[in-house]
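Pasted below: query.cif, mmCIF, C-alpha atoms.
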data_structure
loop_
_atom_site.label_atom_id
_atom_site.label_comp_id
_atom_site.auth_asym_id
_atom_site.auth_seq_id
_atom_site.Cartn_x
_atom_site.Cartn_y
_atom_site.Cartn_z
CA MET A 1 -6.20 42.89 24.51
CA HIS A 2 -7.63 43.71 27.89
CA VAL A 3 -5.08 44.46 30.58
CA HIS A 4 -6.72 47.06 32.71
CA CYS A 5 -7.89 50.47 31.59
CA SER A 6 -8.64 53.82 33.05
CA MET A 7 -11.53 54.91 30.87
CA LYS A 8 -10.85 58.53 31.57
CA CYS A 9 -14.45 59.65 31.30
CA LEU A 10 -15.57 57.22 34.01
CA THR A 11 -12.51 56.63 36.16
CA ASP A 12 -13.01 58.93 39.11
CA LEU A 13 -16.71 58.33 39.43
CA GLU A 14 -16.54 54.57 39.03
CA MET A 15 -13.58 54.21 41.33
CA ARG A 16 -15.09 55.99 44.30
CA SER A 17 -18.77 55.11 44.18
CA PRO A 18 -19.85 51.95 46.03
CA ARG A 19 -19.46 48.76 44.04
CA THR A 20 -22.47 46.51 43.83
CA LEU A 21 -22.62 42.84 42.95
CA GLU A 22 -25.93 41.35 41.80
CA VAL A 23 -26.23 37.66 42.58
CA TRP A 24 -28.57 35.21 40.85
CA ARG A 25 -28.97 31.75 42.40
CA LEU A 26 -30.21 29.59 39.57
CA GLY A 27 -30.27 26.01 40.82
CA THR A 28 -29.45 23.38 38.20
CA VAL A 29 -29.05 24.81 34.71
CA ASN A 30 -28.26 23.00 31.48
CA TYR A 31 -24.80 23.96 30.20
CA LEU A 32 -25.83 25.43 26.84
CA LYS A 33 -28.54 27.43 28.50
CA SER A 34 -26.02 28.87 30.93
CA LEU A 35 -23.84 29.91 27.96
CA LYS A 36 -26.77 31.78 26.41
CA ILE A 37 -27.51 33.53 29.68
CA GLN A 38 -23.86 34.52 30.06
CA ASP A 39 -23.60 35.85 26.48
CA LYS A 40 -26.61 38.05 27.10
CA LEU A 41 -25.24 39.31 30.40
CA VAL A 42 -21.80 40.01 28.91
CA SER A 43 -23.39 42.24 26.26
CA GLU A 44 -25.49 44.00 28.86
CA ARG A 45 -22.52 44.50 31.16
CA LYS A 46 -20.43 45.85 28.29
CA ALA A 47 -23.20 48.33 27.51
CA HIS A 48 -23.36 49.38 31.19
CA GLN A 49 -26.96 48.17 31.40
CA ILE A 50 -26.30 45.98 34.41
CA PRO A 51 -23.80 46.12 37.28
CA ASP A 52 -21.26 43.37 38.00
CA THR A 53 -23.29 40.16 38.13
CA LEU A 54 -22.64 36.74 39.61
CA LEU A 55 -24.41 33.52 38.64
CA SER A 56 -24.43 30.74 41.22
CA LEU A 57 -25.57 27.38 39.89
CA GLN A 58 -24.94 23.69 39.21
CA HIS A 59 -24.95 21.70 35.99
CA PRO A 60 -26.30 18.24 35.20
CA PRO A 61 -23.42 15.87 34.42
CA THR A 62 -21.42 17.71 31.74
CA TYR A 63 -17.88 17.50 30.39
CA THR A 64 -16.48 20.68 28.88
CA LEU A 65 -13.41 21.55 26.82
CA GLY A 66 -11.67 24.90 26.50
CA LYS A 67 -10.49 26.86 23.47
CA ARG A 68 -7.54 24.54 23.02
CA ARG A 69 -9.99 21.66 22.36
CA THR A 70 -7.89 19.12 24.24
CA ASP A 71 -10.27 16.25 23.59
CA HIS A 72 -7.47 13.70 23.88
CA ASN A 73 -8.07 14.15 27.61
CA LEU A 74 -11.50 12.54 27.35
CA LEU A 75 -10.77 8.89 28.05
CA ILE A 76 -14.02 7.32 26.89
CA PRO A 77 -15.47 7.50 23.38
CA GLN A 78 -18.00 10.32 22.93
CA SER A 79 -20.61 7.70 22.05
CA GLU A 80 -20.38 6.36 25.62
CA LEU A 81 -21.33 9.65 27.19
CA THR A 82 -25.10 9.25 26.91
CA LYS A 83 -24.76 5.86 28.62
CA ILE A 84 -23.30 7.53 31.69
CA GLY A 85 -25.83 10.35 31.52
CA ALA A 86 -23.40 13.10 30.53
CA GLU A 87 -23.11 15.77 27.80
CA LEU A 88 -19.94 17.18 26.21
CA HIS A 89 -19.45 20.82 25.16
CA TYR A 90 -16.68 22.76 23.47
CA THR A 91 -16.32 26.29 24.84
CA GLN A 92 -14.40 29.54 24.43
CA ARG A 93 -12.98 29.56 27.94
CA GLY A 94 -9.36 28.98 28.88
CA GLY A 95 -8.32 25.78 30.58
CA ASP A 96 -8.44 22.09 29.74
CA ILE A 97 -11.13 19.42 30.10
CA THR A 98 -13.27 19.27 33.19
CA PHE A 99 -16.43 17.78 34.63
CA HIS A 100 -19.39 19.65 36.09
CA GLY A 101 -22.23 17.94 37.89
CA PRO A 102 -24.60 17.89 40.84
CA HIS A 103 -23.07 18.89 44.19
CA GLN A 104 -20.38 20.97 42.57
CA ALA A 105 -20.80 24.69 43.20
CA ILE A 106 -20.27 26.86 40.15
CA LEU A 107 -19.83 30.63 40.06
CA TYR A 108 -19.92 32.55 36.78
CA PRO A 109 -18.93 36.17 37.46
CA ILE A 110 -19.86 38.57 34.67
CA ILE A 111 -17.80 41.51 35.81
CA SER A 112 -15.94 44.42 34.34
CA LEU A 113 -12.22 44.03 34.93
CA ARG A 114 -11.79 47.69 33.98
CA GLY A 115 -13.91 48.66 36.94
CA ILE A 116 -11.44 47.04 39.32
CA GLY A 117 -8.27 47.56 37.31
CA TYR A 118 -7.49 43.86 37.02
CA GLY A 119 -5.76 41.90 34.28
CA ALA A 120 -6.27 38.18 33.65
CA ARG A 121 -3.67 37.15 36.16
CA ASN A 122 -5.03 39.21 39.07
CA TYR A 123 -8.54 38.10 38.29
CA VAL A 124 -7.67 34.40 38.32
CA GLU A 125 -5.59 34.81 41.49
CA THR A 126 -8.51 36.46 43.24
CA LEU A 127 -10.86 33.67 42.16
CA GLU A 128 -8.38 31.23 43.69
CA ARG A 129 -8.33 33.29 46.90
CA SER A 130 -12.13 33.20 47.09
CA MET A 131 -12.11 29.42 47.02
CA ILE A 132 -9.24 29.13 49.51
CA GLU A 133 -11.06 31.40 51.93
CA PHE A 134 -14.23 29.36 51.49
CA ALA A 135 -12.40 26.07 52.15
CA SER A 136 -10.89 27.50 55.31
CA MET A 137 -14.39 27.96 56.73
CA TYR A 138 -14.43 24.17 57.01
CA GLY A 139 -10.91 23.89 58.35
CA VAL A 140 -9.59 22.82 54.93
CA LYS A 141 -6.19 24.27 54.10
CA ALA A 142 -6.24 24.87 50.38
CA ARG A 143 -3.60 26.57 48.27
CA PRO A 144 -3.32 27.99 44.76
CA GLY A 145 -1.77 25.74 42.12
CA ASN A 146 1.87 25.78 41.14
CA LYS A 147 2.89 27.46 37.91
CA CYS A 148 0.73 26.14 35.06
CA GLU A 149 -1.61 24.42 37.52
CA THR A 150 -4.27 27.09 37.95
CA GLY A 151 -6.90 26.10 40.45
CA VAL A 152 -7.18 25.31 44.12
CA TRP A 153 -5.52 22.33 45.76
CA VAL A 154 -5.49 20.49 49.07
CA GLY A 155 -2.08 18.89 49.14
CA ASP A 156 -1.80 17.26 45.72
CA ARG A 157 -5.53 16.92 45.25
CA LYS A 158 -7.53 19.41 43.22
CA ILE A 159 -10.66 20.74 44.85
CA GLY A 160 -11.48 23.79 42.74
CA ALA A 161 -11.08 24.53 39.03
CA ILE A 162 -11.02 27.74 37.02
CA GLY A 163 -11.66 28.46 33.34
CA VAL A 164 -12.34 31.99 32.27
CA ARG A 165 -13.05 34.07 29.21
CA ILE A 166 -12.33 37.80 28.96
CA SER A 167 -14.01 39.66 26.13
CA SER A 168 -13.51 43.43 25.87
CA GLY A 169 -12.71 43.44 29.54
CA ILE A 170 -15.85 41.56 30.64
CA THR A 171 -15.49 38.14 32.25
CA SER A 172 -17.56 35.01 31.70
CA HIS A 173 -17.27 31.35 32.72
CA GLY A 174 -15.54 31.17 36.11
CA LEU A 175 -14.94 28.61 38.82
CA ALA A 176 -16.18 25.22 39.99
CA PHE A 177 -15.73 24.00 43.55
CA ASN A 178 -16.31 20.34 44.45
CA ILE A 179 -18.69 20.08 47.40
CA ASP A 180 -19.67 16.40 47.08
CA PRO A 181 -19.92 15.44 43.40
CA ASP A 182 -19.94 11.84 42.16
CA MET A 183 -16.20 11.41 41.80
CA LYS A 184 -16.55 8.48 39.36
CA TYR A 185 -17.21 10.95 36.56
CA PHE A 186 -13.69 12.31 36.93
CA GLU A 187 -12.26 8.90 36.08
CA HIS A 188 -13.30 9.33 32.45
CA ILE A 189 -11.04 12.33 31.88
CA VAL A 190 -7.54 13.54 32.58
CA PRO A 191 -8.91 16.41 34.72
CA CYS A 192 -7.59 19.77 33.56
CA GLY A 193 -5.00 17.84 31.54
CA ILE A 194 -3.01 17.05 34.68
CA ALA A 195 -2.31 13.35 34.64
CA ASP A 196 -0.83 12.35 37.94
CA LYS A 197 -2.93 14.23 40.45
CA GLU A 198 -6.18 13.36 42.21
CA VAL A 199 -9.42 15.25 42.37
CA THR A 200 -11.05 15.78 45.75
CA SER A 201 -14.09 17.42 47.33
CA LEU A 202 -15.04 19.38 50.43
CA LYS A 203 -16.88 16.34 51.72
CA ARG A 204 -13.69 14.27 51.54
CA GLU A 205 -11.42 16.88 53.04
CA THR A 206 -13.38 18.11 56.04
CA ASP A 207 -14.53 16.43 59.23
CA ASP A 208 -17.15 19.15 59.69
CA LEU A 209 -20.76 18.40 58.97
CA LEU A 210 -21.78 20.17 55.77
CA PRO A 211 -24.91 22.35 56.03
CA SER A 212 -27.51 22.47 53.26
CA GLU A 213 -26.25 23.22 49.75
CA GLU A 214 -28.07 26.52 49.80
CA VAL A 215 -26.05 27.62 52.80
CA VAL A 216 -22.82 26.30 51.31
CA HIS A 217 -23.39 28.24 48.07
CA GLU A 218 -24.19 31.38 49.99
CA GLN A 219 -20.91 31.06 51.88
CA LEU A 220 -18.94 30.65 48.67
CA ILE A 221 -20.67 33.70 47.18
CA THR A 222 -19.86 35.73 50.29
CA CYS A 223 -16.19 34.75 50.05
CA PHE A 224 -16.18 35.86 46.40
CA ALA A 225 -17.78 39.21 47.25
CA LYS A 226 -15.27 39.79 50.01
CA ALA A 227 -12.23 38.84 47.92
CA PHE A 228 -13.35 41.28 45.22
CA SER A 229 -14.17 44.00 47.76
CA TYR A 230 -17.77 44.59 46.81
CA ASP A 231 -19.53 47.10 49.06
CA ASP A 232 -23.03 45.79 48.41
CA VAL A 233 -24.37 42.39 47.50
CA VAL A 234 -27.88 42.32 46.04
CA TRP A 235 -29.52 38.90 46.09
CA LYS A 236 -31.90 38.72 43.14
CA GLU A 237 -35.01 36.82 44.08
CA ASP A 238 -36.70 35.71 40.90
CA PRO A 239 -34.48 33.43 38.77
CA ALA A 240 -37.23 33.09 36.16
CA VAL A 241 -36.36 36.60 35.01
CA ILE A 242 -32.96 35.49 33.88
CA LEU A 243 -33.75 31.89 32.96
CA ASP A 244 -36.38 33.03 30.51
CA THR A 245 -33.89 33.86 27.78
CA LYS A 246 -35.81 33.67 24.53
CA ASP A 247 -35.28 30.03 23.66
CA ASN A 248 -36.22 30.01 20.04
CA GLU A 249 -34.95 26.55 19.22
CA LEU B 1 9.96 51.15 21.75
CA GLU B 2 10.58 53.82 19.14
CA GLY B 3 8.89 53.53 15.78
CA LEU B 4 5.83 51.77 17.19
CA LYS B 5 2.31 53.03 17.78
CA TYR B 6 0.12 51.79 20.62
CA ALA B 7 -3.56 51.21 21.31
CA ASN B 8 -5.05 51.77 24.75
CA SER B 9 -5.98 48.10 24.76
CA HIS B 10 -2.22 47.32 24.81
CA GLU B 11 -1.54 46.21 21.24
CA TRP B 12 1.36 47.68 19.22
CA VAL B 13 1.61 48.40 15.48
CA LYS B 14 4.79 48.76 13.40
CA HIS B 15 4.09 50.39 10.06
CA GLU B 16 6.70 49.76 7.37
CA GLY B 17 5.74 50.74 3.84
CA SER B 18 2.50 48.97 2.97
CA VAL B 19 2.67 46.44 5.80
CA ALA B 20 1.70 46.86 9.43
CA THR B 21 2.85 44.29 11.98
CA ILE B 22 0.75 43.84 15.12
CA GLY B 23 1.39 42.28 18.50
CA ILE B 24 0.72 42.85 22.20
CA THR B 25 2.99 44.90 24.44
CA ALA B 26 5.39 43.88 27.21
CA HIS B 27 3.00 45.48 29.69
CA ALA B 28 0.14 43.31 28.40
CA GLN B 29 2.04 40.02 28.52
CA GLU B 30 3.20 40.76 32.04
CA HIS B 31 -0.38 41.25 33.24
CA LEU B 32 -1.48 38.08 31.46
CA GLY B 33 1.06 35.65 32.79
CA GLU B 34 2.59 32.86 30.76
CA VAL B 35 0.83 32.47 27.41
CA VAL B 36 0.00 28.84 26.63
CA PHE B 37 -2.15 29.20 23.54
CA VAL B 38 -2.68 31.74 20.77
CA GLU B 39 -5.61 31.84 18.37
CA LEU B 40 -5.01 33.88 15.22
CA PRO B 41 -7.11 34.61 12.13
CA GLU B 42 -6.51 33.05 8.71
CA GLU B 43 -4.52 34.86 6.05
CA ASN B 44 -6.68 36.86 3.60
CA THR B 45 -9.32 37.62 6.24
CA SER B 46 -9.93 41.18 7.33
CA VAL B 47 -9.52 42.89 10.68
CA SER B 48 -11.26 46.04 11.91
CA LYS B 49 -10.04 48.72 14.28
CA GLU B 50 -10.99 47.98 17.88
CA LYS B 51 -12.63 44.67 16.95
CA ASN B 52 -11.27 41.38 18.22
CA PHE B 53 -9.15 39.29 15.84
CA GLY B 54 -7.92 36.52 18.07
CA ALA B 55 -7.25 35.40 21.61
CA VAL B 56 -4.42 34.43 23.93
CA GLU B 57 -4.73 32.00 26.81
CA SER B 58 -2.81 32.23 30.06
CA VAL B 59 -3.55 30.98 33.59
CA LYS B 60 -6.77 29.35 32.33
CA ALA B 61 -8.08 32.68 31.02
CA THR B 62 -8.64 33.36 27.33
CA SER B 63 -8.36 37.06 26.56
CA GLU B 64 -9.43 38.59 23.28
CA ILE B 65 -7.00 40.71 21.27
CA LEU B 66 -8.31 43.81 19.53
CA SER B 67 -6.88 45.11 16.28
CA PRO B 68 -5.51 48.67 16.45
CA ILE B 69 -6.21 49.19 12.74
CA SER B 70 -8.38 47.89 9.91
CA GLY B 71 -7.06 45.97 6.94
CA GLU B 72 -6.36 42.62 5.34
CA VAL B 73 -4.35 39.91 7.08
CA ILE B 74 -1.46 39.04 4.78
CA GLU B 75 0.62 36.94 7.14
CA VAL B 76 0.18 35.15 10.44
CA ASN B 77 3.00 34.15 12.80
CA LYS B 78 2.85 30.38 12.61
CA LYS B 79 5.63 29.99 15.19
CA LEU B 80 3.12 30.97 17.87
CA THR B 81 1.27 27.66 17.49
CA GLU B 82 4.31 25.71 18.69
CA SER B 83 5.79 28.42 20.87
CA PRO B 84 3.10 30.67 22.35
CA GLY B 85 5.60 31.73 25.02
CA LEU B 86 7.36 33.91 22.42
CA ILE B 87 4.73 36.49 23.28
CA ASN B 88 6.14 36.65 26.80
CA SER B 89 9.83 36.41 25.94
CA SER B 90 9.83 38.59 22.83
CA PRO B 91 6.59 40.58 22.59
CA TYR B 92 7.91 43.07 20.00
CA GLU B 93 10.07 40.80 17.84
CA ASP B 94 9.56 37.02 17.61
CA GLY B 95 6.18 37.30 19.32
CA TRP B 96 4.57 39.34 16.53
CA MET B 97 1.08 38.09 15.74
CA ILE B 98 -0.22 39.25 12.35
CA LYS B 99 0.88 41.36 9.41
CA VAL B 100 -1.83 43.52 7.90
CA LYS B 101 -2.22 45.63 4.78
CA PRO B 102 -3.84 48.74 6.31
CA SER B 103 -7.05 49.87 4.62
CA SER B 104 -7.09 53.30 6.31
CA PRO B 105 -3.56 54.49 7.13
CA ALA B 106 -5.10 57.52 8.84
CA GLU B 107 -6.13 55.23 11.71
CA LEU B 108 -2.47 55.10 12.73
CA GLU B 109 -2.59 58.80 13.57
CA SER B 110 -5.05 58.28 16.42
CA LEU B 111 -2.79 55.73 18.16
CA MET B 112 -0.33 56.62 20.92
CA GLY B 113 3.41 57.13 20.47
CA PRO B 114 5.99 55.50 22.79
CA LYS B 115 6.12 58.32 25.34
CA GLU B 116 2.34 58.64 25.50
CA TYR B 117 1.96 54.88 25.93
CA THR B 118 4.54 54.74 28.71
CA LYS B 119 2.68 57.46 30.56
CA PHE B 120 -0.63 55.70 29.91
CA CYS B 121 0.69 52.52 31.57
CA GLU B 122 2.12 54.47 34.49
CA ASP B 123 -1.23 56.19 35.05
CA GLU B 124 -3.05 52.88 34.95
CA ASP B 125 -0.68 51.16 37.34
CA ALA B 126 -0.78 54.11 39.70
CA ALA B 127 -4.56 54.26 39.74
CA HIS B 128 -4.78 50.75 41.09
#
Could you quickly redo this structure as structure tokens?
Amino acid sequence: MHVHCSMKCLTDLEMRSPRTLEVWRLGTVNYLKSLKIQDKLVSERKAHQIPDTLLSLQHPPTYTLGKRRTDHNLLIPQSELTKIGAELHYTQRGGDITFHGPHQAILYPIISLRGIGYGARNYVETLERSMIEFASMYGVKARPGNKCETGVWVGDRKIGAIGVRISSGITSHGLAFNIDPDMKYFEHIVPCGIADKEVTSLKRETDDLLPSEEVVHEQLITCFAKAFSYDDVVWKEDPAVILDTKDNE
Amino acid sequence: LEGLKYANSHEWVKHEGSVATIGITAHAQEHLGEVVFVELPEENTSVSKEKNFGAVESVKATSEILSPISGEVIEVNKKLTESPGLINSSPYEDGWMIKVKPSSPAELESLMGPKEYTKFCEDEDAAH
């Protein structure tokens, strides 16, 4: 059970030295591939081979379920999914059913919660804060969810979702923020298992003109880095390095 | 709580005769938030010290639980399927997770006692 730990041999040194976040911007990545990349990074982070790492990406149309396998919240038969151009995946993250697709910004932080002394609750709250801060850049007043409604909301409309996994104190999966996805895909699910609330997007909520997606993603990443008090952000240039996980299938 | 031993990953063990009961501490459940789902192993499987044996979900985060000792799972708390919140309301009693037949009772010696664990939590909370 990870709560937060002071690994006595590392505490002082780790606490006071500058904290670096390495960011990989990966473009559109197939869901299963992103799981493989994350598994590899989690092992490397656990073995102190890499610093805290953040993946910024999008998925092709994909529905995902969490550990609770709440597939009753998928409202169309699985056989229909290929017709609408979507995949379905069961995962080890917390949370209910959700949709990922183009024009939705996804962040997968692979970070050591021990390094920052956070438990699950603090971590999720800080992810929410990152998204709220980001929304405010466009004049959108977002708020964290009520009890049992983790995520980020504008009024009664959900704009950002969270589903996280913590394994030996290392995080994987993360958050998804709707920039301008095709909202029709959300009609085929009970999003996050919450039946009577709408899903929304930055495009719908702001009057501001949205800059290019690259800029938008960079802003979201910066809000994340700030919320988690990183001293340095290193932007990794060559995504091929990380995308070239040995695909032996 | 007296009579319990603690791991630094915030699980507790109560050793009575040939059976050890395992759960997570009050400190752990507080830092998790409300537990909505618990995943436990099957009976007759084995657990290993410091290896994960299950997971709890709260606030959309699934967190792995590590076993403080090694042994064979002889009983699993089925009430947790219907009432995962027992972990929050009664972490040391009704919220117990698994009962294990320890394979190396000596492992219990390296765990913390109540006073040590209390201090451990205080140190952690103070450091952050």
Quick one: which residues end up in the PyMOL selection byres ((chain B and resi 87) around 9) for this structure, as a count of residues only? 22
Under the PyMOL selection byres ((chain B) within 12 of (chain A)), which residues of this model are included? Write them out as number ranges by chain. B: 6-12, 22-39, 50-68, 81, 120-128
Specify as a PyMOL selection string each residue included when the PyMOL selection byres ((chain A and resi 75) around 6) is applied to this file. chain A and resi 73-74+76+188-189
Return as AutoDock Vina command-line options the box centre and box size in Å, one decimal, for an axis-aligned box around all listed atoms of segment 45-54 of chain B padded by 5 Å per side.
--center_x -10.3 --center_y 42.6 --center_z 12.2 --size_x 14.7 --size_y 22.2 --size_z 22.0
Non-local contacts of Val140 of chain A (8 Å; all atoms listed in the file; under 3 positions in same chain excluded) as a VMD selection string: chain A and resid 135 to 137 154 202 205 to 206
Skip Arg129 of chain A itself and residues of its chain fewer than 6 positions away, then list as JSON, numbers by chain all residues within 9 Å of it, counting all atoms listed in the file. {"A": [143, 144, 152, 223, 224, 227]}
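The point (-25.9, 19.7, 42.2) has these residues within 7 Å of it, counting only C-alpha atoms: Thr28, Gln58, His59, Gly101, Pro102, His103 and Gln104 of chain A.
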How many Å separate atom CA of Trp153 of chain A from atom CA of Phe177 of chain A?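 About the pair atom CA of Trp153 of chain A and atom CA of Phe177 of chain A: they are 10.6 Å apart.
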Name the residues in contact with Ile221 of chain A at a cut-off of 9 Å, using all atoms listed in the file, excluding same-chain residues fewer than 3 positions from it; report them as a short mmCIF file (atom, residue, chain, number, x, y, z; two decimals) with C-alpha atoms, keeping the file's coordinate frame.
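Dumped everything to selection38.cif:
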data_model
loop_
_atom_site.label_atom_id
_atom_site.label_comp_id
_atom_site.auth_asym_id
_atom_site.auth_seq_id
_atom_site.Cartn_x
_atom_site.Cartn_y
_atom_site.Cartn_z
CA VAL A 23 -26.23 37.66 42.58
CA LEU A 54 -22.64 36.74 39.61
CA SER A 56 -24.43 30.74 41.22
CA LEU A 107 -19.83 30.63 40.06
CA SER A 130 -12.13 33.20 47.09
CA PHE A 134 -14.23 29.36 51.49
CA VAL A 216 -22.82 26.30 51.31
CA HIS A 217 -23.39 28.24 48.07
CA GLU A 218 -24.19 31.38 49.99
CA PHE A 224 -16.18 35.86 46.40
CA ALA A 225 -17.78 39.21 47.25
CA LYS A 226 -15.27 39.79 50.01
#
